[in-house]
file entry.cif (mmCIF, C-alpha atoms and all ligand atoms)
data_query
loop_
_atom_site.group_PDB
_atom_site.id
_atom_site.type_symbol
_atom_site.label_atom_id
_atom_site.label_comp_id
_atom_site.auth_asym_id
_atom_site.auth_seq_id
_atom_site.Cartn_x
_atom_site.Cartn_y
_atom_site.Cartn_z
ATOM 1 C CA MET C 1 38.394 91.696 56.488
ATOM 2 C CA SER C 2 39.753 90.911 53.095
ATOM 3 C CA ALA C 3 41.437 87.582 52.499
ATOM 4 C CA GLU C 4 45.075 87.189 51.446
ATOM 5 C CA LEU C 5 45.227 85.949 47.873
ATOM 6 C CA LEU C 6 46.760 82.516 47.284
ATOM 7 C CA ASP C 7 48.557 83.642 44.161
ATOM 8 C CA GLY C 8 49.187 80.480 42.164
ATOM 9 C CA ALA C 9 50.273 82.306 39.025
ATOM 10 C CA LYS C 10 53.119 84.037 40.856
ATOM 11 C CA LEU C 11 54.334 80.901 42.631
ATOM 12 C CA ALA C 12 54.020 78.819 39.458
ATOM 13 C CA GLY C 13 56.147 81.427 37.680
ATOM 14 C CA ARG C 14 58.913 80.946 40.255
ATOM 15 C CA MET C 15 58.653 77.162 40.052
ATOM 16 C CA ASN C 16 58.771 77.265 36.263
ATOM 17 C CA MET C 17 61.931 79.365 36.388
ATOM 18 C CA GLU C 18 63.566 76.624 38.464
ATOM 19 C CA SER C 19 62.306 73.960 36.070
ATOM 20 C CA GLY C 20 63.591 76.018 33.136
ATOM 21 C CA ASP C 21 67.074 76.108 34.704
ATOM 22 C CA ARG C 22 66.999 72.344 35.078
ATOM 23 C CA VAL C 23 65.889 71.907 31.456
ATOM 24 C CA ALA C 24 68.788 74.137 30.376
ATOM 25 C CA ARG C 25 71.223 71.961 32.376
ATOM 26 C CA LEU C 26 69.847 68.852 30.694
ATOM 27 C CA LEU C 27 70.146 70.470 27.263
ATOM 28 C CA SER C 28 73.734 71.537 27.932
ATOM 29 C CA SER C 29 74.621 67.898 28.501
ATOM 30 C CA GLY C 30 72.923 66.900 25.262
ATOM 31 C CA ARG C 31 69.689 65.718 26.835
ATOM 32 C CA ALA C 32 66.186 67.042 26.359
ATOM 33 C CA ALA C 33 62.956 66.724 28.323
ATOM 34 C CA GLY C 34 59.802 65.759 26.451
ATOM 35 C CA LEU C 35 56.093 65.628 27.305
ATOM 36 C CA GLY C 36 53.503 63.687 25.303
ATOM 37 C CA THR C 37 49.822 64.539 25.671
ATOM 38 C CA ILE C 38 46.765 62.665 24.457
ATOM 39 C CA LEU C 39 43.388 64.332 24.058
ATOM 40 C CA VAL C 40 40.318 62.380 23.000
ATOM 41 C CA GLY C 41 37.164 64.137 21.821
ATOM 42 C CA ASP C 42 36.325 67.774 21.435
ATOM 43 C CA ASP C 43 35.593 69.128 24.885
ATOM 44 C CA PRO C 44 36.682 72.788 24.578
ATOM 45 C CA SER C 45 37.884 73.179 28.172
ATOM 46 C CA SER C 46 40.016 70.010 27.979
ATOM 47 C CA ALA C 47 41.471 71.277 24.700
ATOM 48 C CA ARG C 48 42.249 74.610 26.333
ATOM 49 C CA TYR C 49 43.988 72.961 29.319
ATOM 50 C CA VAL C 50 46.131 70.791 27.057
ATOM 51 C CA ALA C 51 47.045 73.797 24.892
ATOM 52 C CA MET C 52 48.234 75.693 27.987
ATOM 53 C CA LYS C 53 50.429 72.736 28.972
ATOM 54 C CA HIS C 54 52.103 72.884 25.563
ATOM 55 C CA THR C 55 52.603 76.644 25.838
ATOM 56 C CA ASP C 56 54.342 76.113 29.196
ATOM 57 C CA CYS C 57 56.594 73.416 27.707
ATOM 58 C CA GLU C 58 57.482 75.598 24.746
ATOM 59 C CA SER C 59 58.424 78.557 26.921
ATOM 60 C CA LEU C 60 60.678 76.385 29.105
ATOM 61 C CA GLY C 61 62.502 74.467 26.379
ATOM 62 C CA ILE C 62 60.643 71.189 26.934
ATOM 63 C CA SER C 63 59.757 69.339 23.729
ATOM 64 C CA SER C 64 56.094 68.496 23.560
ATOM 65 C CA PHE C 65 54.183 66.077 21.402
ATOM 66 C CA HIS C 66 50.442 66.001 21.033
ATOM 67 C CA GLU C 67 47.967 63.427 19.760
ATOM 68 C CA HIS C 68 44.359 64.462 19.297
ATOM 69 C CA LEU C 69 41.850 61.692 18.613
ATOM 70 C CA SER C 70 38.239 62.229 17.648
ATOM 71 C CA SER C 71 35.454 61.200 20.022
ATOM 72 C CA SER C 72 34.843 58.165 17.794
ATOM 73 C CA ALA C 73 38.295 56.764 18.637
ATOM 74 C CA THR C 74 38.312 53.347 20.272
ATOM 75 C CA GLN C 75 39.976 52.156 23.457
ATOM 76 C CA SER C 76 42.611 50.363 21.411
ATOM 77 C CA ASP C 77 43.322 53.526 19.354
ATOM 78 C CA VAL C 78 44.145 55.351 22.591
ATOM 79 C CA GLU C 79 46.145 52.455 23.985
ATOM 80 C CA ALA C 80 48.170 52.218 20.775
ATOM 81 C CA ILE C 81 49.245 55.846 21.211
ATOM 82 C CA VAL C 82 50.133 55.233 24.852
ATOM 83 C CA ASP C 83 52.243 52.241 23.736
ATOM 84 C CA ARG C 84 53.977 54.368 21.134
ATOM 85 C CA MET C 85 54.731 57.143 23.619
ATOM 86 C CA ASN C 86 55.942 54.564 26.159
ATOM 87 C CA ALA C 87 58.478 53.376 23.573
ATOM 88 C CA ASP C 88 59.536 56.864 22.388
ATOM 89 C CA PRO C 89 62.861 57.885 23.998
ATOM 90 C CA ASN C 90 62.093 61.571 23.310
ATOM 91 C CA ILE C 91 59.040 61.429 25.554
ATOM 92 C CA HIS C 92 59.717 61.334 29.309
ATOM 93 C CA GLY C 93 56.235 62.141 30.537
ATOM 94 C CA ILE C 94 52.806 61.136 29.268
ATOM 95 C CA LEU C 95 49.546 62.874 30.105
ATOM 96 C CA VAL C 96 46.179 61.527 29.009
ATOM 97 C CA GLN C 97 43.740 64.385 29.473
ATOM 98 C CA LEU C 98 40.768 63.296 31.571
ATOM 99 C CA PRO C 99 37.915 62.697 31.474
ATOM 100 C CA LEU C 100 37.983 60.321 28.507
ATOM 101 C CA PRO C 101 34.743 60.067 26.528
ATOM 102 C CA GLU C 102 32.011 57.959 28.058
ATOM 103 C CA GLY C 103 32.363 54.268 27.363
ATOM 104 C CA MET C 104 36.142 54.310 27.516
ATOM 105 C CA ASN C 105 37.873 52.476 30.314
ATOM 106 C CA GLN C 106 39.926 55.259 31.875
ATOM 107 C CA GLU C 107 41.614 52.993 34.438
ATOM 108 C CA GLU C 108 42.920 50.649 31.731
ATOM 109 C CA VAL C 109 44.382 53.557 29.799
ATOM 110 C CA LEU C 110 46.077 54.947 32.914
ATOM 111 C CA GLN C 111 47.466 51.507 33.788
ATOM 112 C CA ARG C 112 48.985 51.193 30.347
ATOM 113 C CA ILE C 113 51.284 54.211 30.870
ATOM 114 C CA ASN C 114 54.837 53.270 31.838
ATOM 115 C CA PRO C 115 54.887 54.227 35.557
ATOM 116 C CA ASN C 116 58.260 55.957 35.019
ATOM 117 C CA LYS C 117 56.570 58.254 32.471
ATOM 118 C CA ASP C 118 53.463 58.821 34.595
ATOM 119 C CA VAL C 119 53.909 62.548 35.237
ATOM 120 C CA ASP C 120 50.258 62.761 36.297
ATOM 121 C CA GLY C 121 50.863 60.409 39.249
ATOM 122 C CA LEU C 122 47.677 58.515 38.420
ATOM 123 C CA HIS C 123 49.103 55.083 37.535
ATOM 124 C CA PRO C 124 48.006 52.571 40.233
ATOM 125 C CA LEU C 125 51.657 51.890 41.102
ATOM 126 C CA ASN C 126 52.295 55.575 41.807
ATOM 127 C CA LEU C 127 48.982 55.986 43.642
ATOM 128 C CA GLY C 128 50.084 52.961 45.714
ATOM 129 C CA LYS C 129 53.333 54.763 46.558
ATOM 130 C CA LEU C 130 51.266 57.734 47.711
ATOM 131 C CA VAL C 131 49.194 55.459 49.956
ATOM 132 C CA MET C 132 52.399 53.991 51.408
ATOM 133 C CA GLY C 133 54.044 57.403 51.815
ATOM 134 C CA GLU C 134 56.883 56.423 49.456
ATOM 135 C CA PRO C 135 58.455 58.954 47.073
ATOM 136 C CA GLY C 136 56.979 59.001 43.585
ATOM 137 C CA PRO C 137 55.347 61.412 41.152
ATOM 138 C CA LEU C 138 52.434 63.081 42.918
ATOM 139 C CA PRO C 139 49.179 63.955 41.144
ATOM 140 C CA CYS C 140 49.662 67.523 39.921
ATOM 141 C CA THR C 141 46.682 69.374 41.395
ATOM 142 C CA PRO C 142 47.006 67.928 44.925
ATOM 143 C CA ALA C 143 50.769 68.553 44.939
ATOM 144 C CA GLY C 144 50.219 72.092 43.645
ATOM 145 C CA ILE C 145 47.677 72.876 46.367
ATOM 146 C CA VAL C 146 50.058 71.710 49.113
ATOM 147 C CA GLU C 147 52.846 73.905 47.665
ATOM 148 C CA LEU C 148 50.502 76.890 47.383
ATOM 149 C CA LEU C 149 49.413 76.645 51.036
ATOM 150 C CA LEU C 150 53.012 76.114 52.196
ATOM 151 C CA ALA C 151 54.295 79.131 50.281
ATOM 152 C CA HIS C 152 51.675 81.346 51.925
ATOM 153 C CA ARG C 153 52.409 79.873 55.368
ATOM 154 C CA VAL C 154 48.820 78.735 55.822
ATOM 155 C CA PRO C 155 48.655 76.576 58.966
ATOM 156 C CA VAL C 156 47.782 73.058 57.814
ATOM 157 C CA GLU C 157 49.628 70.692 60.143
ATOM 158 C CA GLY C 158 47.349 69.552 62.958
ATOM 159 C CA GLN C 159 44.441 71.482 61.429
ATOM 160 C CA HIS C 160 41.165 70.265 59.959
ATOM 161 C CA VAL C 161 41.251 70.160 56.161
ATOM 162 C CA VAL C 162 37.875 69.647 54.488
ATOM 163 C CA ILE C 163 37.982 68.454 50.897
ATOM 164 C CA ILE C 164 34.804 68.727 48.843
ATOM 165 C CA GLY C 165 34.809 66.153 46.045
ATOM 166 C CA ARG C 166 36.297 62.687 45.777
ATOM 167 C CA GLY C 167 37.437 62.483 42.169
ATOM 168 C CA LEU C 168 40.512 60.625 40.988
ATOM 169 C CA THR C 169 42.538 63.675 39.950
ATOM 170 C CA VAL C 170 41.994 65.883 43.015
ATOM 171 C CA GLY C 171 39.842 64.835 45.987
ATOM 172 C CA ARG C 172 40.993 61.272 46.596
ATOM 173 C CA PRO C 173 44.753 61.739 46.173
ATOM 174 C CA LEU C 174 44.656 65.104 47.971
ATOM 175 C CA ALA C 175 43.070 63.468 51.023
ATOM 176 C CA LEU C 176 45.867 60.877 51.124
ATOM 177 C CA LEU C 177 48.555 63.509 50.680
ATOM 178 C CA MET C 178 47.178 65.899 53.295
ATOM 179 C CA ALA C 179 47.034 63.135 55.901
ATOM 180 C CA LEU C 180 50.673 62.044 55.383
ATOM 181 C CA PRO C 181 53.187 62.908 58.082
ATOM 182 C CA ARG C 182 55.095 65.374 55.925
ATOM 183 C CA ARG C 183 55.734 69.112 55.886
ATOM 184 C CA GLY C 184 52.688 71.134 54.934
ATOM 185 C CA CYS C 185 50.383 68.133 55.428
ATOM 186 C CA ASN C 186 49.944 66.184 58.657
ATOM 187 C CA ALA C 187 46.291 67.267 58.864
ATOM 188 C CA ALA C 188 42.988 65.876 60.091
ATOM 189 C CA VAL C 189 41.208 65.313 56.778
ATOM 190 C CA SER C 190 37.520 65.049 55.941
ATOM 191 C CA VAL C 191 36.318 64.244 52.438
ATOM 192 C CA VAL C 192 32.743 65.309 51.782
ATOM 193 C CA HIS C 193 30.280 65.625 48.942
ATOM 194 C CA ARG C 194 26.814 67.049 48.689
ATOM 195 C CA GLY C 195 25.221 63.722 49.638
ATOM 196 C CA VAL C 196 26.815 63.872 53.089
ATOM 197 C CA GLU C 197 24.551 64.652 56.031
ATOM 198 C CA ASN C 198 25.398 67.993 57.691
ATOM 199 C CA PHE C 199 27.504 68.911 54.653
ATOM 200 C CA SER C 200 27.513 72.654 55.438
ATOM 201 C CA GLN C 201 28.364 72.135 59.107
ATOM 202 C CA ILE C 202 31.315 69.906 58.280
ATOM 203 C CA VAL C 203 32.627 72.428 55.773
ATOM 204 C CA ARG C 204 32.221 75.158 58.385
ATOM 205 C CA SER C 205 34.448 73.210 60.766
ATOM 206 C CA GLY C 206 37.338 73.316 58.277
ATOM 207 C CA ASP C 207 40.417 75.427 58.963
ATOM 208 C CA VAL C 208 41.261 74.798 55.323
ATOM 209 C CA VAL C 209 38.491 74.139 52.785
ATOM 210 C CA ILE C 210 39.379 72.846 49.338
ATOM 211 C CA SER C 211 36.575 72.487 46.847
ATOM 212 C CA ALA C 212 37.049 70.228 43.842
ATOM 213 C CA ALA C 213 33.390 69.676 43.058
ATOM 214 C CA GLY C 214 33.164 71.585 39.777
ATOM 215 C CA SER C 215 29.926 73.177 40.936
ATOM 216 C CA PRO C 216 29.915 76.978 40.536
ATOM 217 C CA GLY C 217 29.233 78.933 43.713
ATOM 218 C CA LEU C 218 28.817 75.779 45.835
ATOM 219 C CA VAL C 219 30.824 77.136 48.774
ATOM 220 C CA THR C 220 29.190 80.220 50.272
ATOM 221 C CA ALA C 221 30.249 82.509 53.120
ATOM 222 C CA ALA C 222 27.738 80.842 55.459
ATOM 223 C CA MET C 223 29.723 77.596 55.143
ATOM 224 C CA ILE C 224 33.100 79.089 56.033
ATOM 225 C CA LYS C 225 34.702 79.499 59.436
ATOM 226 C CA PRO C 226 35.941 83.112 59.667
ATOM 227 C CA GLY C 227 39.669 83.210 58.898
ATOM 228 C CA ALA C 228 39.756 79.813 57.158
ATOM 229 C CA ALA C 229 41.830 79.227 54.017
ATOM 230 C CA VAL C 230 39.634 78.532 50.987
ATOM 231 C CA VAL C 231 40.921 76.914 47.817
ATOM 232 C CA GLY C 232 38.873 76.597 44.636
ATOM 233 C CA ALA C 233 40.082 73.596 42.676
ATOM 234 C CA GLY C 234 36.854 72.784 40.857
ATOM 235 C CA THR C 235 36.491 74.219 37.416
ATOM 236 C CA SER C 236 33.543 74.688 35.174
ATOM 237 C CA PHE C 237 32.901 76.902 32.191
ATOM 238 C CA SER C 238 29.873 78.878 31.152
ATOM 239 C CA GLU C 239 29.864 80.869 27.931
ATOM 240 C CA GLY C 240 33.654 80.721 27.837
ATOM 241 C CA ARG C 241 34.030 82.069 31.377
ATOM 242 C CA LEU C 242 35.913 80.061 34.000
ATOM 243 C CA LEU C 243 33.693 79.618 37.064
ATOM 244 C CA SER C 244 34.792 78.830 40.595
ATOM 245 C CA ASP C 245 33.230 76.564 43.223
ATOM 246 C CA ILE C 246 33.763 79.453 45.634
ATOM 247 C CA ALA C 247 31.031 82.127 45.809
ATOM 248 C CA ASP C 248 32.162 85.771 45.676
ATOM 249 C CA ASP C 249 31.025 86.537 49.252
ATOM 250 C CA VAL C 250 33.577 84.102 50.741
ATOM 251 C CA GLU C 251 36.395 86.579 50.148
ATOM 252 C CA ASN C 252 35.125 88.873 52.915
ATOM 253 C CA LEU C 253 35.303 86.133 55.517
ATOM 254 C CA ALA C 254 38.227 83.921 54.606
ATOM 255 C CA GLY C 255 41.783 84.412 55.852
ATOM 256 C CA TRP C 256 43.241 83.218 52.540
ATOM 257 C CA ILE C 257 41.548 82.549 49.212
ATOM 258 C CA THR C 258 42.474 81.521 45.674
ATOM 259 C CA PRO C 259 41.588 83.996 42.930
ATOM 260 C CA ARG C 260 39.074 82.764 40.340
ATOM 261 C CA ILE C 261 41.846 82.790 37.736
ATOM 262 C CA GLY C 262 45.505 82.260 38.630
ATOM 263 C CA GLY C 263 45.009 80.086 41.707
ATOM 264 C CA VAL C 264 45.193 76.316 41.397
ATOM 265 C CA GLY C 265 45.368 76.001 37.573
ATOM 266 C CA PRO C 266 48.901 77.427 37.122
ATOM 267 C CA MET C 267 50.110 75.329 40.077
ATOM 268 C CA THR C 268 48.788 72.136 38.456
ATOM 269 C CA ARG C 269 50.703 72.973 35.284
ATOM 270 C CA ALA C 270 53.883 73.896 37.148
ATOM 271 C CA MET C 271 53.758 70.505 38.887
ATOM 272 C CA LEU C 272 53.300 68.739 35.564
ATOM 273 C CA VAL C 273 56.377 70.535 34.243
ATOM 274 C CA ARG C 274 58.343 69.669 37.382
ATOM 275 C CA ASN C 275 57.322 65.986 37.186
ATOM 276 C CA THR C 276 58.324 65.908 33.508
ATOM 277 C CA VAL C 277 61.747 67.420 34.216
ATOM 278 C CA LEU C 278 62.277 64.931 37.075
ATOM 279 C CA ALA C 279 61.328 62.029 34.801
ATOM 280 C CA ALA C 280 63.800 63.276 32.157
ATOM 281 C CA GLU C 281 66.585 63.705 34.741
ATOM 282 C CA LYS C 282 66.142 60.085 35.833
ATOM 283 C CA VAL C 283 66.878 58.766 32.333
ATOM 284 C CA ARG C 284 70.590 58.174 31.917
HETATM 285 N N1 LIG T 301 41.640 66.663 33.893
HETATM 286 C C1 LIG T 301 41.446 67.517 34.922
HETATM 287 N N2 LIG T 301 42.478 67.476 35.780
HETATM 288 C C2 LIG T 301 43.351 66.580 35.282
HETATM 289 C C3 LIG T 301 44.624 66.099 35.722
HETATM 290 O O1 LIG T 301 45.162 66.487 36.765
HETATM 291 N N3 LIG T 301 45.203 65.167 34.929
HETATM 292 C C4 LIG T 301 44.619 64.716 33.791
HETATM 293 N N4 LIG T 301 45.271 63.800 33.080
HETATM 294 N N5 LIG T 301 43.450 65.136 33.356
HETATM 295 C C5 LIG T 301 42.818 66.064 34.100
#
call {"tool": "encode", "arguments": {"input": "entry.cif", "output": "structure tokens"}}
result
Amino acid sequence: MSAELLDGAKLAGRMNMESGDRVARLLSSGRAAGLGTILVGDDPSSARYVAMKHTDCESLGISSFHEHLSSSATQSDVEAIVDRMNADPNIHGILVQLPLPEGMNQEEVLQRINPNKDVDGLHPLNLGKLVMGEPGPLPCTPAGIVELLLAHRVPVEGQHVVIIGRGLTVGRPLALLMALPRRGCNAAVSVVHRGVENFSQIVRSGDVVISAAGSPGLVTAAMIKPGAAVVGAGTSFSEGRLLSDIADDVENLAGWITPRIGGVGPMTRAMLVRNTVLAAEKVR
């Protein structure tokens, strides 16, 4: 058996076309949409992700503004840029690329972003809305994964979703989202990490397995229930090559699987674009 590919690049392309139409409508009424990004330090993969976000904006007619600070920047340097972007009427969405360098208080930076410009959905107020099931900007990777599974008609509602990893950007918000009583969610959710007893057995009980551990090859065929949907959301790089949490042998067993490139990444970016357009539309 060969798994059906969860083609994020294709779906993201369709979503971006819709976003592009909405940007054009805004522009025709004399309004623009703008994204501001902040990158601190010189991690090459973070720099690459941010660059791709700007390429997306450019191709869709969204203005984008970038601030790159060196790794010696202080907390108050970063916060001053957040304050400036909060006050800038040309910027409707702000993204601080994570992780910030060690020693910086990430939570304080995220809290400083105007919640109306929080297109990453990581401000505590917006995470609180997610907990309460209220509408608000959703974190981009979790929202993108739900859309990707929905578009491929992967059964999720009433099924067991196993999430590997409990980070702020993927695992934790994804668990909340997947458990909500909404279309494409409504699941029994387990969040695991390698320190959990019977880790492999729990993963093997998943109808949908989503790995956001950032540990290459962590999920092997022996851990997958035949026919399960498998999503690789953890990224790592080695010698410039993007590596997946999902081992190559999983493809032969899974019912659906994300490709190593063109799975979750493009969906995350399409969600960021969509959240930015929504934030711009809300400004009168
Ligand atoms: N770094 C990795 N994923 C993300 C994300 O979704 N948002 C931000 N801001 N940084 C990230």
call {"tool": "closest_atom_pairs", "arguments": {"input": "entry.cif", "of": "chain C", "to": "ligand LIG 301 (chain T)", "cutoff": "8 Å", "atoms": "all atoms listed in the file", "output": "JSON lines"}}
result
{"residue": "C:Ser46", "atom": "CA", "partner": "T:LIG301", "partner_atom": "N1", "distance": 7.0}
{"residue": "C:Leu95", "atom": "CA", "partner": "T:LIG301", "partner_atom": "N4", "distance": 5.3}
{"residue": "C:Val96", "atom": "CA", "partner": "T:LIG301", "partner_atom": "N4", "distance": 4.8}
{"residue": "C:Gln97", "atom": "CA", "partner": "T:LIG301", "partner_atom": "N4", "distance": 4.0}
{"residue": "C:Leu98", "atom": "CA", "partner": "T:LIG301", "partner_atom": "N5", "distance": 3.7}
{"residue": "C:Pro99", "atom": "CA", "partner": "T:LIG301", "partner_atom": "N1", "distance": 6.0}
{"residue": "C:Asp120", "atom": "CA", "partner": "T:LIG301", "partner_atom": "N3", "distance": 5.8}
{"residue": "C:Leu122", "atom": "CA", "partner": "T:LIG301", "partner_atom": "N4", "distance": 7.9}
{"residue": "C:Pro139", "atom": "CA", "partner": "T:LIG301", "partner_atom": "O1", "distance": 6.5}
{"residue": "C:Cys140", "atom": "CA", "partner": "T:LIG301", "partner_atom": "O1", "distance": 5.6}
{"residue": "C:Thr141", "atom": "CA", "partner": "T:LIG301", "partner_atom": "O1", "distance": 5.7}
{"residue": "C:Thr169", "atom": "CA", "partner": "T:LIG301", "partner_atom": "O1", "distance": 5.0}
{"residue": "C:Val170", "atom": "CA", "partner": "T:LIG301", "partner_atom": "O1", "distance": 7.0}
{"residue": "C:Thr268", "atom": "CA", "partner": "T:LIG301", "partner_atom": "O1", "distance": 6.9}
call {"tool": "write_last_selection", "arguments": {"input": "entry.cif", "atoms": "C-alpha atoms", "output": "tab-separated table (two decimals), in the frame of the given file"}}
result
chain	number	residue	atom	x	y	z
C	46	SER	CA	40.02	70.01	27.98
C	95	LEU	CA	49.55	62.87	30.10
C	96	VAL	CA	46.18	61.53	29.01
C	97	GLN	CA	43.74	64.39	29.47
C	98	LEU	CA	40.77	63.30	31.57
C	99	PRO	CA	37.92	62.70	31.47
C	120	ASP	CA	50.26	62.76	36.30
C	122	LEU	CA	47.68	58.52	38.42
C	139	PRO	CA	49.18	63.96	41.14
C	140	CYS	CA	49.66	67.52	39.92
C	141	THR	CA	46.68	69.37	41.40
C	169	THR	CA	42.54	63.68	39.95
C	170	VAL	CA	41.99	65.88	43.02
C	268	THR	CA	48.79	72.14	38.46
call {"tool": "resolve_selection", "arguments": {"input": "entry.cif", "expression": "the PyMOL selection byres (((chain C and resi 177) around 12) and not hetatm)", "output": "ChimeraX atom specification"}}
result
/C:127-147,156-157,161,163,170-176,178-189
call {"tool": "write_last_selection", "arguments": {"input": "entry.cif", "atoms": "C-alpha atoms", "output": "CSV table (one decimal), keeping the file's coordinate frame"}}
result
chain,number,residue,atom,x,y,z
C,127,LEU,CA,49.0,56.0,43.6
C,128,GLY,CA,50.1,53.0,45.7
C,129,LYS,CA,53.3,54.8,46.6
C,130,LEU,CA,51.3,57.7,47.7
C,131,VAL,CA,49.2,55.5,50.0
C,132,MET,CA,52.4,54.0,51.4
C,133,GLY,CA,54.0,57.4,51.8
C,134,GLU,CA,56.9,56.4,49.5
C,135,PRO,CA,58.5,59.0,47.1
C,136,GLY,CA,57.0,59.0,43.6
C,137,PRO,CA,55.3,61.4,41.2
C,138,LEU,CA,52.4,63.1,42.9
C,139,PRO,CA,49.2,64.0,41.1
C,140,CYS,CA,49.7,67.5,39.9
C,141,THR,CA,46.7,69.4,41.4
C,142,PRO,CA,47.0,67.9,44.9
C,143,ALA,CA,50.8,68.6,44.9
C,144,GLY,CA,50.2,72.1,43.6
C,145,ILE,CA,47.7,72.9,46.4
C,146,VAL,CA,50.1,71.7,49.1
C,147,GLU,CA,52.8,73.9,47.7
C,156,VAL,CA,47.8,73.1,57.8
C,157,GLU,CA,49.6,70.7,60.1
C,161,VAL,CA,41.3,70.2,56.2
C,163,ILE,CA,38.0,68.5,50.9
C,170,VAL,CA,42.0,65.9,43.0
C,171,GLY,CA,39.8,64.8,46.0
C,172,ARG,CA,41.0,61.3,46.6
C,173,PRO,CA,44.8,61.7,46.2
C,174,LEU,CA,44.7,65.1,48.0
C,175,ALA,CA,43.1,63.5,51.0
C,176,LEU,CA,45.9,60.9,51.1
C,178,MET,CA,47.2,65.9,53.3
C,179,ALA,CA,47.0,63.1,55.9
C,180,LEU,CA,50.7,62.0,55.4
C,181,PRO,CA,53.2,62.9,58.1
C,182,ARG,CA,55.1,65.4,55.9
C,183,ARG,CA,55.7,69.1,55.9
C,184,GLY,CA,52.7,71.1,54.9
C,185,CYS,CA,50.4,68.1,55.4
C,186,ASN,CA,49.9,66.2,58.7
C,187,ALA,CA,46.3,67.3,58.9
C,188,ALA,CA,43.0,65.9,60.1
C,189,VAL,CA,41.2,65.3,56.8
call {"tool": "resolve_selection", "arguments": {"input": "entry.cif", "expression": "the PyMOL selection byres (((chain C and resi 200-215) around 8) and not hetatm)", "output": "count of residues only"}}
result
36
call {"tool": "atom_distance", "arguments": {"input": "entry.cif", "atom1": "atom CA of C:Val192", "atom2": "atom CA of C:Val264"}}
result
19.6 Å
call {"tool": "closest_residue", "arguments": {"input": "entry.cif", "among": "C:Leu148, C:Val119, C:Ala254, C:Ala247", "to": "C:Lys10", "atoms": "all atoms listed in the file"}}
result
C:Leu148
call {"tool": "resolve_selection", "arguments": {"input": "entry.cif", "expression": "the PyMOL selection byres (((chain C and resi 94) around 9) and not hetatm)", "output": "JSON, numbers by chain"}}
result
{"C": [34, 35, 36, 37, 38, 82, 85, 86, 91, 92, 93, 95, 96, 113, 114, 117, 118, 119, 120, 276]}
call {"tool": "write_last_selection", "arguments": {"input": "entry.cif", "atoms": "C-alpha atoms", "output": "mmCIF file, in the coordinates of the input"}}
result
data_model
loop_
_atom_site.group_PDB
_atom_site.id
_atom_site.type_symbol
_atom_site.label_atom_id
_atom_site.label_comp_id
_atom_site.auth_asym_id
_atom_site.auth_seq_id
_atom_site.Cartn_x
_atom_site.Cartn_y
_atom_site.Cartn_z
ATOM 1 C CA GLY C 34 59.802 65.759 26.451
ATOM 2 C CA LEU C 35 56.093 65.628 27.305
ATOM 3 C CA GLY C 36 53.503 63.687 25.303
ATOM 4 C CA THR C 37 49.822 64.539 25.671
ATOM 5 C CA ILE C 38 46.765 62.665 24.457
ATOM 6 C CA VAL C 82 50.133 55.233 24.852
ATOM 7 C CA MET C 85 54.731 57.143 23.619
ATOM 8 C CA ASN C 86 55.942 54.564 26.159
ATOM 9 C CA ILE C 91 59.040 61.429 25.554
ATOM 10 C CA HIS C 92 59.717 61.334 29.309
ATOM 11 C CA GLY C 93 56.235 62.141 30.537
ATOM 12 C CA LEU C 95 49.546 62.874 30.105
ATOM 13 C CA VAL C 96 46.179 61.527 29.009
ATOM 14 C CA ILE C 113 51.284 54.211 30.870
ATOM 15 C CA ASN C 114 54.837 53.270 31.838
ATOM 16 C CA LYS C 117 56.570 58.254 32.471
ATOM 17 C CA ASP C 118 53.463 58.821 34.595
ATOM 18 C CA VAL C 119 53.909 62.548 35.237
ATOM 19 C CA ASP C 120 50.258 62.761 36.297
ATOM 20 C CA THR C 276 58.324 65.908 33.508
#
call {"tool": "closest_residue", "arguments": {"input": "entry.cif", "among": "C:Gly121, C:Pro226, C:Gly13, C:Gly158", "to": "C:Asn275", "atoms": "only C-alpha atoms"}}
result
C:Gly121
call {"tool": "atom_distance", "arguments": {"input": "entry.cif", "atom1": "atom CA of C:Leu27", "atom2": "atom CA of C:Ile62"}}
result
9.5 Å
call {"tool": "residues_around", "arguments": {"input": "entry.cif", "residues": "C:Ala33", "least_positions_apart": "6", "cutoff": "10 Å", "atoms": "only C-alpha atoms", "output": "list in words"}}
result
Arg22, Val23, Ala24, Leu26, Leu27, Cys57, Leu60, Gly61, Ile62, Ser63, Ser64, Pro89, Asn90, Ile91, His92, Gly93, Val273, Thr276, Val277, Leu278, Ala279, Ala280, Glu281 and Val283 of chain C
call {"tool": "write_last_selection", "arguments": {"input": "entry.cif", "atoms": "C-alpha atoms", "output": "mmCIF file, in the coordinates of the input"}}
result
data_model
loop_
_atom_site.group_PDB
_atom_site.id
_atom_site.type_symbol
_atom_site.label_atom_id
_atom_site.label_comp_id
_atom_site.auth_asym_id
_atom_site.auth_seq_id
_atom_site.Cartn_x
_atom_site.Cartn_y
_atom_site.Cartn_z
ATOM 1 C CA ARG C 22 66.999 72.344 35.078
ATOM 2 C CA VAL C 23 65.889 71.907 31.456
ATOM 3 C CA ALA C 24 68.788 74.137 30.376
ATOM 4 C CA LEU C 26 69.847 68.852 30.694
ATOM 5 C CA LEU C 27 70.146 70.470 27.263
ATOM 6 C CA CYS C 57 56.594 73.416 27.707
ATOM 7 C CA LEU C 60 60.678 76.385 29.105
ATOM 8 C CA GLY C 61 62.502 74.467 26.379
ATOM 9 C CA ILE C 62 60.643 71.189 26.934
ATOM 10 C CA SER C 63 59.757 69.339 23.729
ATOM 11 C CA SER C 64 56.094 68.496 23.560
ATOM 12 C CA PRO C 89 62.861 57.885 23.998
ATOM 13 C CA ASN C 90 62.093 61.571 23.310
ATOM 14 C CA ILE C 91 59.040 61.429 25.554
ATOM 15 C CA HIS C 92 59.717 61.334 29.309
ATOM 16 C CA GLY C 93 56.235 62.141 30.537
ATOM 17 C CA VAL C 273 56.377 70.535 34.243
ATOM 18 C CA THR C 276 58.324 65.908 33.508
ATOM 19 C CA VAL C 277 61.747 67.420 34.216
ATOM 20 C CA LEU C 278 62.277 64.931 37.075
ATOM 21 C CA ALA C 279 61.328 62.029 34.801
ATOM 22 C CA ALA C 280 63.800 63.276 32.157
ATOM 23 C CA GLU C 281 66.585 63.705 34.741
ATOM 24 C CA VAL C 283 66.878 58.766 32.333
#
